[in-house]
>>> print(open('my_file30.txt').read())   # compact mmCIF, C-alpha atoms
# COMPACT_ATOMS: atom_id res chain seq x y z
CA MET A 1 -20.55 18.53 10.77
CA LYS A 2 -19.04 15.83 12.97
CA LYS A 3 -17.65 16.92 16.28
CA CYS A 4 -14.29 15.75 17.59
CA LEU A 5 -13.00 16.32 21.09
CA VAL A 6 -9.22 16.66 21.16
CA VAL A 7 -7.82 15.79 24.59
CA ASP A 8 -4.15 16.51 25.24
CA ASP A 9 -2.27 18.49 27.87
CA SER A 10 0.00 19.91 25.20
CA SER A 11 -1.49 22.94 23.48
CA VAL A 12 0.89 22.38 20.55
CA ILE A 13 -0.45 18.87 19.94
CA ARG A 14 -4.03 20.13 20.24
CA LYS A 15 -3.31 22.83 17.70
CA VAL A 16 -1.67 20.43 15.21
CA ALA A 17 -4.47 17.89 15.57
CA ARG A 18 -7.10 20.63 15.25
CA ARG A 19 -5.60 21.85 11.98
CA ILE A 20 -5.53 18.36 10.43
CA LEU A 21 -8.98 17.34 11.66
CA GLU A 22 -10.59 20.61 10.61
CA ASP A 23 -9.18 20.01 7.13
CA ILE A 24 -10.94 16.66 6.95
CA GLY A 25 -14.21 18.19 8.04
CA PHE A 26 -14.46 18.09 11.83
CA GLU A 27 -15.65 20.67 14.28
CA ILE A 28 -13.13 20.68 17.11
CA ILE A 29 -13.53 21.04 20.85
CA GLU A 30 -10.43 20.93 23.05
CA ALA A 31 -9.78 19.69 26.55
CA GLU A 32 -6.47 19.65 28.44
CA ASP A 33 -7.12 16.72 30.75
CA GLY A 34 -9.46 13.78 31.26
CA GLN A 35 -11.71 15.55 33.75
CA LYS A 36 -12.33 18.51 31.46
CA ALA A 37 -12.91 16.08 28.61
CA LEU A 38 -15.48 14.20 30.66
CA ASP A 39 -17.26 17.44 31.54
CA ALA A 40 -17.35 18.34 27.86
CA CYS A 41 -18.83 14.94 26.99
CA LYS A 42 -21.49 15.26 29.69
CA ALA A 43 -22.49 18.60 28.24
CA SER A 44 -22.59 17.26 24.69
CA MET A 45 -21.40 13.91 23.34
CA PRO A 46 -18.90 14.29 20.47
CA ASP A 47 -18.74 11.88 17.50
CA ALA A 48 -15.06 11.24 18.07
CA VAL A 49 -12.41 11.67 20.75
CA LEU A 50 -8.68 11.95 20.04
CA LEU A 51 -7.21 11.00 23.38
CA ASP A 52 -3.79 11.41 24.98
CA TRP A 53 -2.82 8.96 27.72
CA ASN A 54 -0.62 10.80 30.22
CA MET A 55 -2.27 13.96 31.49
CA PRO A 56 -2.61 15.70 34.86
CA VAL A 57 -5.83 15.48 36.93
CA MET A 58 -7.29 12.52 35.02
CA ASP A 59 -5.42 10.39 32.49
CA GLY A 60 -6.77 9.10 29.19
CA LEU A 61 -7.46 5.55 30.33
CA GLU A 62 -9.46 6.65 33.35
CA PHE A 63 -11.38 9.12 31.18
CA LEU A 64 -12.19 6.35 28.70
CA ALA A 65 -13.53 4.02 31.43
CA LYS A 66 -15.69 6.81 32.85
CA LEU A 67 -16.89 7.89 29.41
CA ARG A 68 -18.04 4.38 28.54
CA GLU A 69 -20.13 4.32 31.77
CA GLU A 70 -21.91 7.54 30.86
CA GLU A 71 -25.29 7.48 29.18
CA GLY A 72 -24.58 7.62 25.46
CA GLY A 73 -20.88 7.25 26.29
CA ASP A 74 -20.52 4.14 24.16
CA GLU A 75 -21.29 6.23 21.08
CA PRO A 76 -18.14 8.31 20.52
CA ILE A 77 -15.35 6.67 18.57
CA VAL A 78 -12.21 6.96 20.66
CA VAL A 79 -8.76 7.09 19.08
CA PHE A 80 -5.87 7.04 21.51
CA CYS A 81 -2.94 9.23 20.55
CA THR A 82 0.01 8.76 22.85
CA THR A 83 3.76 8.23 23.16
CA GLU A 84 2.99 4.92 24.92
CA ASN A 85 3.90 2.54 22.12
CA ASP A 86 4.18 -0.93 23.60
CA VAL A 87 1.89 -3.90 23.16
CA ALA A 88 0.83 -3.87 26.83
CA HIS A 89 -0.45 -0.28 26.66
CA ILE A 90 -2.15 -0.79 23.30
CA THR A 91 -3.90 -3.92 24.51
CA LYS A 92 -5.05 -2.18 27.69
CA ALA A 93 -6.49 0.71 25.69
CA ILE A 94 -8.36 -1.56 23.27
CA ARG A 95 -9.77 -3.63 26.16
CA ALA A 96 -10.94 -0.43 27.83
CA GLY A 97 -12.97 0.38 24.74
CA ALA A 98 -10.68 2.41 22.46
CA ASN A 99 -11.49 2.00 18.75
CA GLU A 100 -8.09 2.87 17.34
CA TYR A 101 -4.64 3.75 18.56
CA ILE A 102 -2.01 6.18 17.29
CA MET A 103 1.57 6.05 18.50
CA LYS A 104 3.17 9.49 18.62
CA PRO A 105 4.75 11.07 16.73
CA PHE A 106 2.02 11.22 14.13
CA ASP A 107 1.55 13.17 10.93
CA ARG A 108 -1.38 14.22 8.77
CA GLU A 109 -1.32 10.94 6.87
CA ILE A 110 -1.48 8.73 9.95
CA LEU A 111 -4.21 10.76 11.61
CA SER A 112 -6.39 10.79 8.49
CA ALA A 113 -5.73 7.10 7.82
CA LYS A 114 -6.73 6.13 11.36
CA PHE A 115 -9.88 8.22 11.23
CA GLN A 116 -10.74 6.51 7.97
CA GLU A 117 -10.02 3.16 9.55
CA VAL A 118 -12.79 3.64 12.09
CA GLY A 119 -15.23 5.00 9.53
CA LEU A 120 -15.14 8.62 10.65
CA VAL A 121 -14.09 9.94 7.25
CA MET B 122 23.55 19.64 -16.30
CA THR B 123 21.11 19.38 -19.21
CA SER B 124 23.08 16.80 -21.17
CA GLU B 125 23.79 14.89 -17.96
CA TYR B 126 20.09 14.92 -17.14
CA ASP B 127 19.32 13.67 -20.63
CA PHE B 128 21.83 10.88 -20.23
CA LEU B 129 20.26 9.91 -16.91
CA LYS B 130 16.78 9.97 -18.44
CA LYS B 131 17.83 7.62 -21.25
CA PHE B 132 19.71 5.40 -18.85
CA LEU B 133 16.71 5.02 -16.50
CA LYS B 134 14.30 4.49 -19.37
CA SER B 135 16.35 1.70 -20.88
CA ARG B 136 17.16 0.02 -17.59
CA SER B 137 13.86 0.21 -15.74
CA GLY B 138 11.27 1.75 -18.04
CA LEU B 139 11.07 4.73 -15.70
CA VAL B 140 10.11 7.87 -17.57
CA LEU B 141 11.64 10.85 -15.83
CA SER B 142 9.61 13.91 -16.71
CA ASP B 143 11.21 17.32 -16.30
CA GLU B 144 9.06 18.15 -13.31
CA LYS B 145 10.50 15.10 -11.55
CA GLN B 146 13.95 16.66 -11.56
CA TYR B 147 13.72 17.31 -7.81
CA LEU B 148 13.54 13.55 -7.26
CA VAL B 149 16.92 13.09 -8.87
CA GLU B 150 18.69 15.17 -6.26
CA SER B 151 16.87 13.83 -3.25
CA ARG B 152 17.36 10.23 -4.30
CA LEU B 153 20.74 10.22 -5.98
CA LEU B 154 22.80 12.52 -3.75
CA PRO B 155 22.81 9.88 -1.00
CA VAL B 156 24.00 7.31 -3.57
CA ALA B 157 26.80 9.65 -4.66
CA ARG B 158 27.79 10.23 -1.06
CA ARG B 159 27.87 6.53 -0.24
CA ASN B 160 30.19 5.97 -3.16
CA ASN B 161 32.48 8.89 -2.31
CA LEU B 162 31.48 10.78 -5.41
CA ASN B 163 31.29 14.52 -5.34
CA GLY B 164 27.76 15.37 -6.45
CA LEU B 165 25.45 14.32 -9.25
CA SER B 166 27.79 15.15 -12.12
CA GLU B 167 30.42 12.74 -10.86
CA LEU B 168 27.80 10.08 -10.22
CA ILE B 169 26.35 10.35 -13.72
CA LEU B 170 29.84 10.28 -15.22
CA ALA B 171 30.64 7.19 -13.16
CA ILE B 172 27.60 5.21 -14.32
CA SER B 173 28.34 6.07 -17.95
CA LYS B 174 31.61 4.16 -17.70
CA ALA B 175 31.96 0.49 -18.46
CA GLY B 176 32.28 -1.79 -15.45
CA SER B 177 30.03 0.25 -13.19
CA MET B 178 27.34 -2.41 -12.98
CA SER B 179 26.80 -2.31 -9.25
CA LEU B 180 26.69 1.49 -9.15
CA GLN B 181 24.26 1.43 -12.08
CA SER B 182 21.86 -0.83 -10.19
CA ASP B 183 22.17 1.39 -7.10
CA VAL B 184 21.03 4.34 -9.21
CA VAL B 185 18.13 2.39 -10.74
CA GLU B 186 17.03 1.18 -7.31
CA ALA B 187 17.21 4.61 -5.74
CA MET B 188 15.10 6.11 -8.51
CA THR B 189 12.47 3.38 -8.73
CA THR B 190 11.79 2.75 -5.05
CA ASN B 191 8.40 3.91 -3.97
CA GLU B 192 6.77 4.23 -0.63
CA SER B 193 4.13 1.67 0.09
CA PHE B 194 1.73 1.06 2.92
CA PHE B 195 -0.51 -1.66 4.27
CA PHE B 196 -3.94 -1.99 2.61
CA ARG B 197 -3.06 0.90 0.33
CA ASP B 198 -6.25 2.42 -1.14
CA LYS B 199 -8.25 -0.19 0.82
CA ARG B 200 -10.73 -0.90 -1.97
CA PRO B 201 -8.60 -3.43 -3.92
CA PHE B 202 -8.17 -5.45 -0.74
CA GLU B 203 -11.88 -5.39 -0.04
CA SER B 204 -12.43 -6.57 -3.62
CA PHE B 205 -9.91 -9.32 -3.03
CA ARG B 206 -11.60 -10.46 0.15
CA ASN B 207 -15.20 -10.13 -1.01
CA VAL B 208 -15.08 -11.06 -4.68
CA MET B 209 -11.82 -12.56 -5.93
CA LEU B 210 -11.26 -14.87 -2.98
CA PRO B 211 -14.77 -16.40 -2.97
CA HIS B 212 -14.58 -16.77 -6.76
CA LEU B 213 -11.30 -18.67 -6.66
CA LEU B 214 -12.31 -20.84 -3.71
CA ASP B 215 -15.26 -21.95 -5.80
CA ALA B 216 -13.80 -22.00 -9.32
CA ARG B 217 -10.62 -23.83 -8.23
CA LYS B 218 -12.31 -26.14 -5.73
CA THR B 219 -11.00 -29.26 -7.43
CA ARG B 220 -7.44 -28.03 -7.77
CA ARG B 221 -7.60 -26.40 -4.33
CA SER B 222 -4.87 -23.93 -5.10
CA ALA B 223 -4.45 -20.51 -6.64
CA ARG B 224 -1.56 -18.20 -7.41
CA ILE B 225 -1.22 -14.47 -6.79
CA TRP B 226 1.47 -12.19 -8.15
CA CYS B 227 2.30 -8.78 -6.70
CA ALA B 228 4.27 -7.34 -9.58
CA ALA B 229 5.71 -4.29 -7.87
CA ALA B 230 5.76 -5.48 -4.31
CA SER B 231 8.19 -2.85 -3.04
CA THR B 232 8.77 -3.31 0.70
CA GLY B 233 6.13 -6.03 0.93
CA GLN B 234 3.06 -4.33 2.37
CA GLU B 235 0.80 -5.41 -0.50
CA PRO B 236 1.49 -9.17 -0.46
CA TYR B 237 1.50 -9.14 3.35
CA SER B 238 -1.87 -7.35 3.38
CA LEU B 239 -3.27 -10.12 1.16
CA SER B 240 -1.74 -12.76 3.41
CA MET B 241 -3.31 -11.22 6.49
CA TYR B 242 -6.69 -11.22 4.80
CA LEU B 243 -6.23 -14.89 3.90
CA LYS B 244 -5.55 -15.56 7.59
CA GLU B 245 -8.63 -13.57 8.57
CA GLU B 246 -10.66 -15.75 6.20
CA LYS B 247 -9.10 -19.02 7.29
CA ALA B 248 -12.46 -20.55 8.10
CA LYS B 249 -13.35 -20.29 4.41
CA VAL B 250 -9.86 -20.88 3.01
CA GLY B 251 -9.23 -24.06 4.98
CA THR B 252 -6.61 -26.22 3.28
CA PHE B 253 -6.92 -24.40 -0.05
CA ARG B 254 -3.40 -23.33 -0.93
CA PHE B 255 -2.50 -19.80 -2.00
CA GLU B 256 0.88 -19.18 -3.51
CA ILE B 257 1.83 -15.50 -3.31
CA ILE B 258 4.82 -14.19 -5.21
CA GLY B 259 6.14 -10.68 -4.67
CA THR B 260 8.55 -9.25 -7.21
CA ASP B 261 10.37 -5.95 -7.49
CA ILE B 262 13.21 -4.49 -9.50
CA SER B 263 15.06 -3.49 -6.34
CA THR B 264 17.11 -5.94 -4.29
CA GLU B 265 17.16 -3.53 -1.38
CA VAL B 266 13.37 -3.31 -0.98
CA LEU B 267 13.01 -7.07 -1.44
CA GLU B 268 15.48 -7.60 1.37
CA LYS B 269 13.37 -5.40 3.60
CA ALA B 270 10.19 -7.14 2.45
CA ARG B 271 11.68 -10.51 3.33
CA THR B 272 12.57 -9.48 6.89
CA GLY B 273 9.08 -8.03 7.35
CA ILE B 274 10.40 -5.36 9.71
CA TYR B 275 8.66 -2.00 9.63
CA SER B 276 8.97 1.31 11.43
CA GLN B 277 6.32 2.71 13.75
CA PHE B 278 5.34 5.12 10.96
CA GLU B 279 4.92 2.33 8.41
CA VAL B 280 2.70 0.16 10.60
CA GLN B 281 0.37 3.09 11.24
CA ARG B 282 -0.45 3.80 7.61
CA GLY B 283 -3.48 1.77 6.67
CA LEU B 284 -3.04 -1.02 9.20
CA PRO B 285 -5.83 -1.33 11.79
CA ILE B 286 -4.47 -1.50 15.33
CA GLN B 287 -6.13 -4.88 15.93
CA MET B 288 -4.15 -6.35 13.03
CA LEU B 289 -0.95 -4.85 14.34
CA LEU B 290 -1.52 -6.62 17.65
CA LYS B 291 -2.51 -9.84 15.95
CA TYR B 292 0.11 -10.20 13.23
CA PHE B 293 3.21 -8.33 14.42
CA SER B 294 5.70 -8.61 17.20
CA GLN B 295 7.36 -5.56 18.65
CA GLN B 296 11.12 -5.10 18.63
CA GLY B 297 11.90 -1.78 20.27
CA GLU B 298 10.68 0.92 17.92
CA LEU B 299 10.20 -1.59 15.11
CA TRP B 300 7.53 -4.14 14.33
CA GLN B 301 8.03 -7.47 12.62
CA MET B 302 5.48 -9.39 10.59
CA ALA B 303 4.63 -12.76 12.18
CA PRO B 304 6.61 -15.73 10.79
CA GLU B 305 3.45 -17.51 9.58
CA ILE B 306 2.53 -14.47 7.45
CA ARG B 307 6.07 -14.08 6.12
CA ALA B 308 6.09 -17.75 5.15
CA MET B 309 3.11 -17.17 2.87
CA VAL B 310 5.05 -14.97 0.43
CA GLN B 311 7.95 -15.78 -1.89
CA TRP B 312 10.19 -12.99 -3.14
CA ARG B 313 11.89 -12.69 -6.52
CA LYS B 314 13.84 -9.91 -8.14
CA LEU B 315 12.21 -8.97 -11.42
CA ASN B 316 12.41 -6.16 -13.94
CA LEU B 317 9.02 -5.84 -15.65
CA LEU B 318 10.77 -4.82 -18.87
CA GLU B 319 12.24 -8.30 -19.07
CA ASN B 320 10.51 -11.56 -19.86
CA PHE B 321 8.45 -12.87 -16.94
CA SER B 322 6.72 -15.82 -18.59
CA HIS B 323 8.83 -18.21 -16.46
CA LEU B 324 6.78 -17.16 -13.42
CA GLY B 325 3.87 -19.12 -14.86
CA GLU B 326 0.14 -18.50 -14.75
CA PHE B 327 -1.50 -16.43 -12.01
CA ASP B 328 -5.13 -16.21 -10.97
CA ILE B 329 -4.68 -12.68 -9.65
CA ILE B 330 -2.07 -10.15 -10.68
CA PHE B 331 -1.62 -6.97 -8.65
CA CYS B 332 0.30 -4.50 -10.76
CA ARG B 333 -0.32 -1.26 -8.94
CA ASN B 334 1.36 2.10 -9.21
CA VAL B 335 4.13 0.99 -11.50
CA LEU B 336 2.66 1.45 -15.00
CA ILE B 337 2.33 5.18 -14.26
CA TYR B 338 6.11 5.46 -14.47
CA PHE B 339 6.27 3.88 -17.94
CA ASP B 340 5.73 5.41 -21.35
CA GLN B 341 2.81 4.38 -23.54
CA GLN B 342 4.60 1.65 -25.48
CA THR B 343 6.06 0.07 -22.35
CA LYS B 344 2.65 0.06 -20.65
CA ILE B 345 1.15 -1.70 -23.66
CA ASP B 346 3.95 -4.23 -23.75
CA VAL B 347 3.72 -5.05 -20.03
CA LEU B 348 -0.09 -5.32 -20.14
CA ASN B 349 0.04 -7.66 -23.12
CA ARG B 350 2.54 -9.92 -21.43
CA ILE B 351 0.45 -9.89 -18.24
CA TYR B 352 -2.53 -10.90 -20.36
CA ARG B 353 -0.74 -14.10 -21.35
CA GLN B 354 -0.20 -15.05 -17.69
CA LEU B 355 -3.82 -14.79 -16.67
CA PRO B 356 -6.46 -17.48 -17.18
CA ASP B 357 -9.76 -16.43 -18.72
CA ASP B 358 -11.33 -15.82 -15.31
CA GLY B 359 -8.22 -14.19 -13.81
CA PHE B 360 -8.12 -10.76 -12.18
CA LEU B 361 -5.80 -7.87 -12.93
CA VAL B 362 -5.60 -5.14 -10.31
CA LEU B 363 -4.16 -1.75 -11.23
CA GLY B 364 -3.45 1.36 -9.14
CA ALA B 365 -6.07 4.00 -8.43
CA ALA B 366 -4.61 6.35 -11.06
CA GLU B 367 -4.12 3.66 -13.70
CA THR B 368 -6.29 2.16 -16.41
CA VAL B 369 -6.14 -0.17 -19.42
CA VAL B 370 -8.32 2.23 -21.39
CA GLY B 371 -6.51 3.33 -24.51
CA LEU B 372 -3.76 0.77 -23.97
CA THR B 373 -5.25 -2.61 -24.74
CA ASP B 374 -8.67 -3.96 -25.52
CA GLY B 375 -7.71 -7.38 -24.18
CA PHE B 376 -8.98 -6.29 -20.76
CA GLU B 377 -12.18 -4.70 -19.57
CA PRO B 378 -13.08 -3.17 -16.20
CA TYR B 379 -14.61 -5.69 -13.82
CA PRO B 380 -18.17 -4.52 -13.12
CA GLU B 381 -18.52 -2.70 -9.80
CA LEU B 382 -14.89 -3.21 -8.78
CA ARG B 383 -12.84 -0.10 -9.31
CA GLY B 384 -9.26 -0.81 -10.37
CA VAL B 385 -10.00 -4.46 -11.16
CA TYR B 386 -9.91 -5.78 -14.74
CA ARG B 387 -10.71 -9.06 -16.44
CA LYS B 388 -10.06 -10.49 -19.87
CA LYS B 389 -12.64 -9.60 -22.43
CA LYS B 390 -14.73 -12.57 -23.46
CA THR B 391 -13.36 -13.89 -26.76
CA ALA B 392 -16.85 -14.02 -28.22
CA THR B 393 -17.25 -10.27 -28.03
CA GLN B 394 -13.99 -9.58 -29.80
CA PRO B 395 -14.63 -8.52 -33.36
CA LEU B 396 -11.60 -9.93 -35.14
CA ASN B 397 -11.53 -13.58 -36.17
CA SER B 398 -7.80 -13.81 -35.97
CA ARG B 399 -8.04 -12.60 -32.44
CA SER B 400 -10.29 -15.35 -31.18
CA LYS B 401 -8.06 -17.90 -32.89
CA LEU B 402 -5.03 -16.49 -31.15
CA SER B 403 -6.79 -16.26 -27.81
CA ASN B 404 -7.35 -19.98 -27.87
CA THR B 405 -3.62 -20.45 -27.71
CA GLY B 406 -3.56 -18.22 -24.68
CA ARG B 407 -1.51 -15.56 -26.43
CA ALA B 408 -2.40 -11.90 -26.43
CA PRO B 409 -3.42 -10.83 -29.88
CA ALA B 410 -1.18 -8.19 -31.40
CA GLN B 411 -4.31 -6.39 -32.53
CA ALA B 412 -5.23 -5.81 -28.92
CA LEU B 413 -2.93 -2.81 -28.99
CA VAL B 414 -4.43 0.57 -29.48
CA GLY B 415 -2.69 3.88 -29.19
CA GLY B 416 -3.48 7.50 -28.60
CA SER B 417 -4.18 7.53 -24.89
CA ARG B 418 -3.13 10.46 -22.78
CA LEU B 419 -1.79 8.14 -20.15
>>> encode(input="my_file30.txt", output="C-alpha cells")
Amino acid sequence: MKKCLVVDDSSVIRKVARRILEDIGFEIIEAEDGQKALDACKASMPDAVLLDWNMPVMDGLEFLAKLREEEGGDEPIVVFCTTENDVAHITKAIRAGANEYIMKPFDREILSAKFQEVGLV
Amino acid sequence: MTSEYDFLKKFLKSRSGLVLSDEKQYLVESRLLPVARRNNLNGLSELILAISKAGSMSLQSDVVEAMTTNESFFFRDKRPFESFRNVMLPHLLDARKTRRSARIWCAAASTGQEPYSLSMYLKEEKAKVGTFRFEIIGTDISTEVLEKARTGIYSQFEVQRGLPIQMLLKYFSQQGELWQMAPEIRAMVQWRKLNLLENFSHLGEFDIIFCRNVLIYFDQQTKIDVLNRIYRQLPDDGFLVLGAAETVVGLTDGFEPYPELRGVYRKKKTATQPLNSRSKLSNTGRAPAQALVGGSRL
C-alpha cells in the first residue's frame, strides 16, 4: 500500500483528506507542521505528500526545500494543497520541486484527479 | 404532475433528443426551478404550462438548454486525448502531408474544455505540427454554454479537474478567482450552435469527430440516426471518438473499434462488408441504410 503524508495545521482538513485518500488506497500519516512532517520523512520516506503552505513552526515551502535535500527526499511526489491561489505562489512551489498544486477549497474529485495526474493512482 | 411530466418528456425528446427516464426526475427540479424563478413563474407546473403555449420560443429554448447542459472538464477521461496525441495526430500529419490541413469536430462541446484540451495538445506538439493547419469546430445545442466556451473563462474548480498545474500556468491567465484560456488557444476553435437532431452536413467533412457523452441521452433510433449521419462526414481513414460509456455495437456496423484505442472507432473497410449494395453505396460516401441494426440494450 502506498503511503501518503498529509501535512496541514487544520485537523479538519487532515481528516477530510485522509478519508478521500484512504478510499483511493493510501495509508495515511499525518503531520501538523513542516517540522513534524520532516521528522516523519526522516523516519520513513512516504510515496506522496499532500502539503499545506501556511503552517506554524515550519511552512510548506521550507519543508519542501528541506525534504528535497534529504537523502531519498527527491522520491516522494509532493502535491501542494493551499488557499494560496495566485500565479506567483504556484510558480514558486513548482520551482521548489512540487509535482502538483491544489487550490483550496478542494473536493474528492479534485484530489483524486490531481493524484491521478502525477501517476499516484 | 404525471401528465405534466409526460408532456415535458415528449417536449424534450422532440426538441433535443433527450430521453428523460423516470429516475432522472430529480434533474427536472434542480435544473428547471431556477428557470421558472428567472421567468417569474411559480414552480414547475406553471413553467410547463407556459412552454406548452404558442409564442414561448425563448422560454422553450431556456428549458431545453437547462436540461441538456452537462458538466465537462479538461482532458476528461484522459485516454481519448492520449490517443489523439499519440495516434490520430501523427496519422493525420502523415496522411494529409500534401494538403497540410485537417479538421476536427467536437460535437457536444459544452463549455469548451474538450476542444481547448485538443488545442493545448496541438500547441504542446508544435514542433511536429509546424505550419500544418488544424481547424477545430465546437458545437453545442446550448447558446449559453457556447457563450461561456467562447470567453474561455473558468472557475478555480473547473481548472483543477483534469488540467495539470503546468498547463494552467502555461495556457491561462488569472483574473481574480477566475482563469481565462490564452487568446492563442481560444483563436484555434470556432463555435457554432447545433442541434444534433438536425441536419449537420453543411459542416463538411471532418478527419476526427469527438461525439462524447451525448449519445447516452438519446434513444436507440436517434443514436442510429446520428451515427449514420456522422459516418457520412468522415473520410475512410477518419476517427470517431465516443464517451467511455458509449459504443457503436448494436447500433451500426458501419464503424468498428479502432484496435488498441478504447473509445475510438473507424469506418469498416468496404471490402469486408458482406452486402454488394453496401459497397456500391459506400463509394458515394453515403452510409448504407443496411448498416442499421437493432436490438441493443443501449
>>> atom_distance(input="my_file30.txt", atom1="CA of Ile13 (chain A)", atom2="CA of Gln35 (chain A)")
18.1 Å
>>> interface_residues(input="my_file30.txt", of="chain A", to="chain B", cutoff="12 Å", atoms="only C-alpha atoms", output="VMD selection string")
chain A and resid 79 to 81 83 to 95 98 to 119
>>> write_last_selection(input="my_file30.txt", atoms="C-alpha atoms", output="short mmCIF file (atom, residue, chain, number, x, y, z; two decimals), in the coordinates of the input")
data_model
loop_
_atom_site.label_atom_id
_atom_site.label_comp_id
_atom_site.auth_asym_id
_atom_site.auth_seq_id
_atom_site.Cartn_x
_atom_site.Cartn_y
_atom_site.Cartn_z
CA VAL A 79 -8.76 7.09 19.08
CA PHE A 80 -5.87 7.04 21.51
CA CYS A 81 -2.94 9.23 20.55
CA THR A 83 3.76 8.23 23.16
CA GLU A 84 2.99 4.92 24.92
CA ASN A 85 3.90 2.54 22.12
CA ASP A 86 4.18 -0.93 23.60
CA VAL A 87 1.89 -3.90 23.16
CA ALA A 88 0.83 -3.87 26.83
CA HIS A 89 -0.45 -0.28 26.66
CA ILE A 90 -2.15 -0.79 23.30
CA THR A 91 -3.90 -3.92 24.51
CA LYS A 92 -5.05 -2.18 27.69
CA ALA A 93 -6.49 0.71 25.69
CA ILE A 94 -8.36 -1.56 23.27
CA ARG A 95 -9.77 -3.63 26.16
CA ALA A 98 -10.68 2.41 22.46
CA ASN A 99 -11.49 2.00 18.75
CA GLU A 100 -8.09 2.87 17.34
CA TYR A 101 -4.64 3.75 18.56
CA ILE A 102 -2.01 6.18 17.29
CA MET A 103 1.57 6.05 18.50
CA LYS A 104 3.17 9.49 18.62
CA PRO A 105 4.75 11.07 16.73
CA PHE A 106 2.02 11.22 14.13
CA ASP A 107 1.55 13.17 10.93
CA ARG A 108 -1.38 14.22 8.77
CA GLU A 109 -1.32 10.94 6.87
CA ILE A 110 -1.48 8.73 9.95
CA LEU A 111 -4.21 10.76 11.61
CA SER A 112 -6.39 10.79 8.49
CA ALA A 113 -5.73 7.10 7.82
CA LYS A 114 -6.73 6.13 11.36
CA PHE A 115 -9.88 8.22 11.23
CA GLN A 116 -10.74 6.51 7.97
CA GLU A 117 -10.02 3.16 9.55
CA VAL A 118 -12.79 3.64 12.09
CA GLY A 119 -15.23 5.00 9.53
#
>>> atom_distance(input="my_file30.txt", atom1="CA of Ser10 (chain A)", atom2="CA of Glu32 (chain A)")
7.2 Å
>>> residues_around(input="my_file30.txt", residues="Ser222 (chain B)", least_positions_apart="2", cutoff="6 Å", atoms="all atoms listed in the file", output="list in words")
Arg220, Phe253, Arg254 and Phe255 of chain B
>>> atom_distance(input="my_file30.txt", atom1="CA of Ser204 (chain B)", atom2="CA of Thr264 (chain B)")
29.6 Å
>>> residues_around(input="my_file30.txt", residues="region 231-244 of chain B", least_positions_apart="6", cutoff="9 Å", atoms="all atoms listed in the file", output="PyMOL selection string")
chain B and resi 190-197+202+205-206+210+225+250+255+257-263+265-271+273+284+288+292+302+306-307+309-310+331
